[in-house]
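Asks: Just passing along the structure, written as structure tokens.
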Amino acid sequence: MRFTSQASSDGVTEQLFTLPFTSGEIPGVLWTPDGATGARPLILMGHGGGQHKKAPGIVARARRSAAECGFAVVAVDAPGHGDRLRSEEHDRIIAEMRTRAQTGGELAPVLAEFHALLAGQSVPEWRAVLDAVQELDHVGAGPVGYWGMSMGCALGVPFIAAEPRIRAAVLGLNGAAASAEAAAQITVPVEFLVQWDDEMVPRAASLALFDAFASAEKTLHANPGRHAETPMFELDSMVRFFTRHLG
């Protein structure tokens with residue numbers, strides 16, 4: 001892991017990094033409380049489709065988790081996003097999604113195909129990032145949570161199923177088409193968000209994914225509004241959820 005920059009504001013230190021991997025360098029960002037030493041809870045955050053590691057929603061959640069809770073938070077650019085190049089297959093599927101969006105075609109099958117493609121690459125990448133970050137003295141091998149909405153959920157579900165270090169997850173805005181089998185392997189506490197008027201993910205698909213989780217503790221948060229209209233009070237709920245389960 002190579003840190004490329006560091007900045008501090010409002011009690012939070014932000015470090016950009018790159019991590020060499022077989023698929024190429026993984027660009028990421030780590031937030032920690034200023035002056036952090038020793039092990040602490042860690043939250044991994046997966047951004048949505050078309051976004052990147054420093055999307056505004058990621059930054060807001062990360063900085064609050066570090067400042068108020070003393071957590072470490074890490075986010076990386078998913079394959080084909082942010083500072084990473086897209087493959088021809090990525091471009092083909094994205095073009096198909098745009099066409100369907102413009103013509104009123106069904107988006108869910110193409111989204112499921114895209115997410116399955118990315119998950120095959122992102123799961124081992126996330127595990128490598130987790131290994132590297134937990135070796136840092138100011139993060140350590142404390143309890144780990146995962147937060148991801150939309151594509152961040154689609155890539156997070158197979159990762160959580162494969163990674164025993166994850167102890168709790170906040171997920172949502174995604175359906176069961178490509179994730180149900182992996183969701184059935186997840187038993188950690190889950191908080192799951194659904195936008196009741198989501199134009200990208202059919203409501204039935206979201207509820208089916210929630211139903212697929214094998215967790216003894218799982219909570220459904222359903223709010224009115226479209227895909228990108230998750231209310232800000234869900235940030236408060238996320239903070240409470242991770243504080244309870246990661247300490």
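If you're wondering about the labels, chains in the structure tokens are A, B, ... by order shown, residues count from 1 in each chain, ligands from 1 in order shown.
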If DSSP is run on the backbone, what residues of chain A are strand (DSSP E or B)? A reply as JSON, numbers by chain would be ideal.
Replies: {"A": [2, 3, 4, 5, 6, 7, 8, 9, 12, 13, 14, 15, 16, 17, 18, 19, 26, 27, 28, 29, 30, 31, 32, 33, 42, 43, 44, 45, 46, 72, 73, 74, 75, 76, 144, 145, 146, 147, 148, 149, 166, 167, 168, 169, 170, 171, 172, 190, 191, 192, 193, 194, 195, 218, 219, 220, 221, 222, 223]}
Asks: Neighbours of segment 197-199 of chain A within 8 Å (only C-alpha atoms; same-chain residues fewer than 6 positions away dropped), as a ChimeraX atom specification?
Replies: /A:173,224-227
Asks: For those residues, write all heavy atoms to a file as an mmCIF file, in the first residue's frame.
Replies:
data_model
loop_
_atom_site.group_PDB
_atom_site.id
_atom_site.type_symbol
_atom_site.label_atom_id
_atom_site.label_comp_id
_atom_site.auth_asym_id
_atom_site.auth_seq_id
_atom_site.Cartn_x
_atom_site.Cartn_y
_atom_site.Cartn_z
ATOM 1 N N LEU A 173 -31.003 -0.576 -1.945
ATOM 2 C CA LEU A 173 -31.188 -0.046 -3.294
ATOM 3 C C LEU A 173 -30.709 -1.022 -4.354
ATOM 4 O O LEU A 173 -30.159 -0.636 -5.381
ATOM 5 C CB LEU A 173 -30.478 1.306 -3.456
ATOM 6 C CG LEU A 173 -30.783 2.383 -2.421
ATOM 7 C CD1 LEU A 173 -30.100 3.680 -2.803
ATOM 8 C CD2 LEU A 173 -32.281 2.581 -2.250
ATOM 9 N N PRO A 224 -40.426 6.529 1.086
ATOM 10 C CA PRO A 224 -40.964 6.966 -0.201
ATOM 11 C C PRO A 224 -39.891 7.701 -0.993
ATOM 12 O O PRO A 224 -38.978 8.298 -0.428
ATOM 13 C CB PRO A 224 -42.104 7.906 0.188
ATOM 14 C CG PRO A 224 -41.757 8.383 1.559
ATOM 15 C CD PRO A 224 -41.036 7.251 2.212
ATOM 16 N N GLY A 225 -40.012 7.636 -2.321
ATOM 17 C CA GLY A 225 -39.062 8.361 -3.155
ATOM 18 C C GLY A 225 -38.382 7.459 -4.166
ATOM 19 O O GLY A 225 -38.491 6.233 -4.120
ATOM 20 N N ARG A 226 -37.660 8.125 -5.087
ATOM 21 C CA ARG A 226 -36.973 7.416 -6.158
ATOM 22 C C ARG A 226 -35.598 6.929 -5.706
ATOM 23 O O ARG A 226 -35.215 7.101 -4.546
ATOM 24 C CB ARG A 226 -36.871 8.341 -7.381
ATOM 25 C CG ARG A 226 -38.239 8.629 -8.008
ATOM 26 C CD ARG A 226 -38.228 9.819 -8.953
ATOM 27 N NE ARG A 226 -37.361 9.604 -10.108
ATOM 28 C CZ ARG A 226 -37.730 8.955 -11.216
ATOM 29 N NH1 ARG A 226 -38.955 8.465 -11.304
ATOM 30 N NH2 ARG A 226 -36.891 8.824 -12.228
ATOM 31 N N HIS A 227 -34.877 6.308 -6.636
ATOM 32 C CA HIS A 227 -33.626 5.606 -6.326
ATOM 33 C C HIS A 227 -32.632 6.480 -5.570
ATOM 34 O O HIS A 227 -32.007 6.016 -4.603
ATOM 35 C CB HIS A 227 -33.001 5.105 -7.637
ATOM 36 C CG HIS A 227 -31.825 4.202 -7.445
ATOM 37 N ND1 HIS A 227 -31.956 2.866 -7.107
ATOM 38 C CD2 HIS A 227 -30.491 4.445 -7.553
ATOM 39 C CE1 HIS A 227 -30.749 2.324 -7.019
ATOM 40 N NE2 HIS A 227 -29.847 3.255 -7.284
#
Asks: Need to verify the contact set: segment 131-146 of chain A, 9 Å, only C-alpha atoms, exclusion of same-chain residues closer than 3 positions in sequence. Can you return it as a PyMOL selection string?
Replies: chain A and resi 1+19+30+32+35-46+71-72+74+126-128+156+160+165-171+242+245-247
Asks: To one decimal place in Å, what is the distance between atom CA of Gly152 of chain A and atom CA of Pro20 of chain A?
Replies: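 If I compute the distance from atom CA of Gly152 of chain A to atom CA of Pro20 of chain A, I get 21.6 Å.
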Asks: Calculate how many Å separate atom CA of Arg63 of chain A from atom CA of Leu16 of chain A, rounding to one decimal.
Replies: 14.1 Å
Asks: I'd like the interatomic distance between atom CA of Met97 of chain A and atom CA of Leu220 of chain A, to a tenth of an Å.
Replies: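 It comes out at 27.9 Å.
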Asks: Calculated over only C-alpha atoms, which of the candidates A:Leu209, A:Ile93, A:Glu181, A:Thr243 has the smallest distance to Val110 of chain A?
Replies: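 Among A:Leu209, A:Ile93, A:Glu181, A:Thr243, it is A:Ile93 that comes nearest to Val110 of chain A.
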Asks: Just want the 10 Å neighbourhood of Gly120 of chain A, counted on only C-alpha atoms, with same-chain residues fewer than 4 positions away dropped. Output as a PDB file with N, CA and C atoms, in the first residue's frame.
Replies:
ATOM      1  N   PRO A  79     -14.068  -1.499 -10.025  1.00  0.00           N
ATOM      2  CA  PRO A  79     -13.570  -1.702 -11.389  1.00  0.00           C
ATOM      3  C   PRO A  79     -14.333  -0.859 -12.397  1.00  0.00           C
ATOM      4  N   HIS A 115     -23.429  -5.970 -12.636  1.00  0.00           N
ATOM      5  CA  HIS A 115     -22.971  -6.165 -11.264  1.00  0.00           C
ATOM      6  C   HIS A 115     -22.276  -7.512 -11.093  1.00  0.00           C
ATOM      7  N   ALA A 116     -22.775  -8.540 -11.746  1.00  0.00           N
ATOM      8  CA  ALA A 116     -22.120  -9.848 -11.668  1.00  0.00           C
ATOM      9  C   ALA A 116     -20.721  -9.789 -12.270  1.00  0.00           C
ATOM     10  N   PRO A 124     -12.221 -10.209  -4.677  1.00  0.00           N
ATOM     11  CA  PRO A 124     -10.832 -10.400  -4.243  1.00  0.00           C
ATOM     12  C   PRO A 124     -10.093  -9.092  -4.001  1.00  0.00           C
ATOM     13  N   GLU A 125     -10.473  -8.036  -4.724  1.00  0.00           N
ATOM     14  CA  GLU A 125      -9.834  -6.738  -4.484  1.00  0.00           C
ATOM     15  C   GLU A 125     -10.168  -6.221  -3.090  1.00  0.00           C
ATOM     16  N   LEU A 155     -22.130  -5.385  -5.200  1.00  0.00           N
ATOM     17  CA  LEU A 155     -20.773  -5.894  -5.057  1.00  0.00           C
ATOM     18  C   LEU A 155     -20.474  -6.304  -3.618  1.00  0.00           C
ATOM     19  N   PRO A 158     -21.790 -10.411  -2.329  1.00  0.00           N
ATOM     20  CA  PRO A 158     -20.880 -11.558  -2.479  1.00  0.00           C
ATOM     21  C   PRO A 158     -19.601 -11.402  -1.672  1.00  0.00           C
ATOM     22  N   PHE A 159     -19.149 -10.160  -1.473  1.00  0.00           N
ATOM     23  CA  PHE A 159     -17.954  -9.942  -0.651  1.00  0.00           C
ATOM     24  C   PHE A 159     -18.223 -10.322   0.802  1.00  0.00           C
TER      25      PHE A 159
END
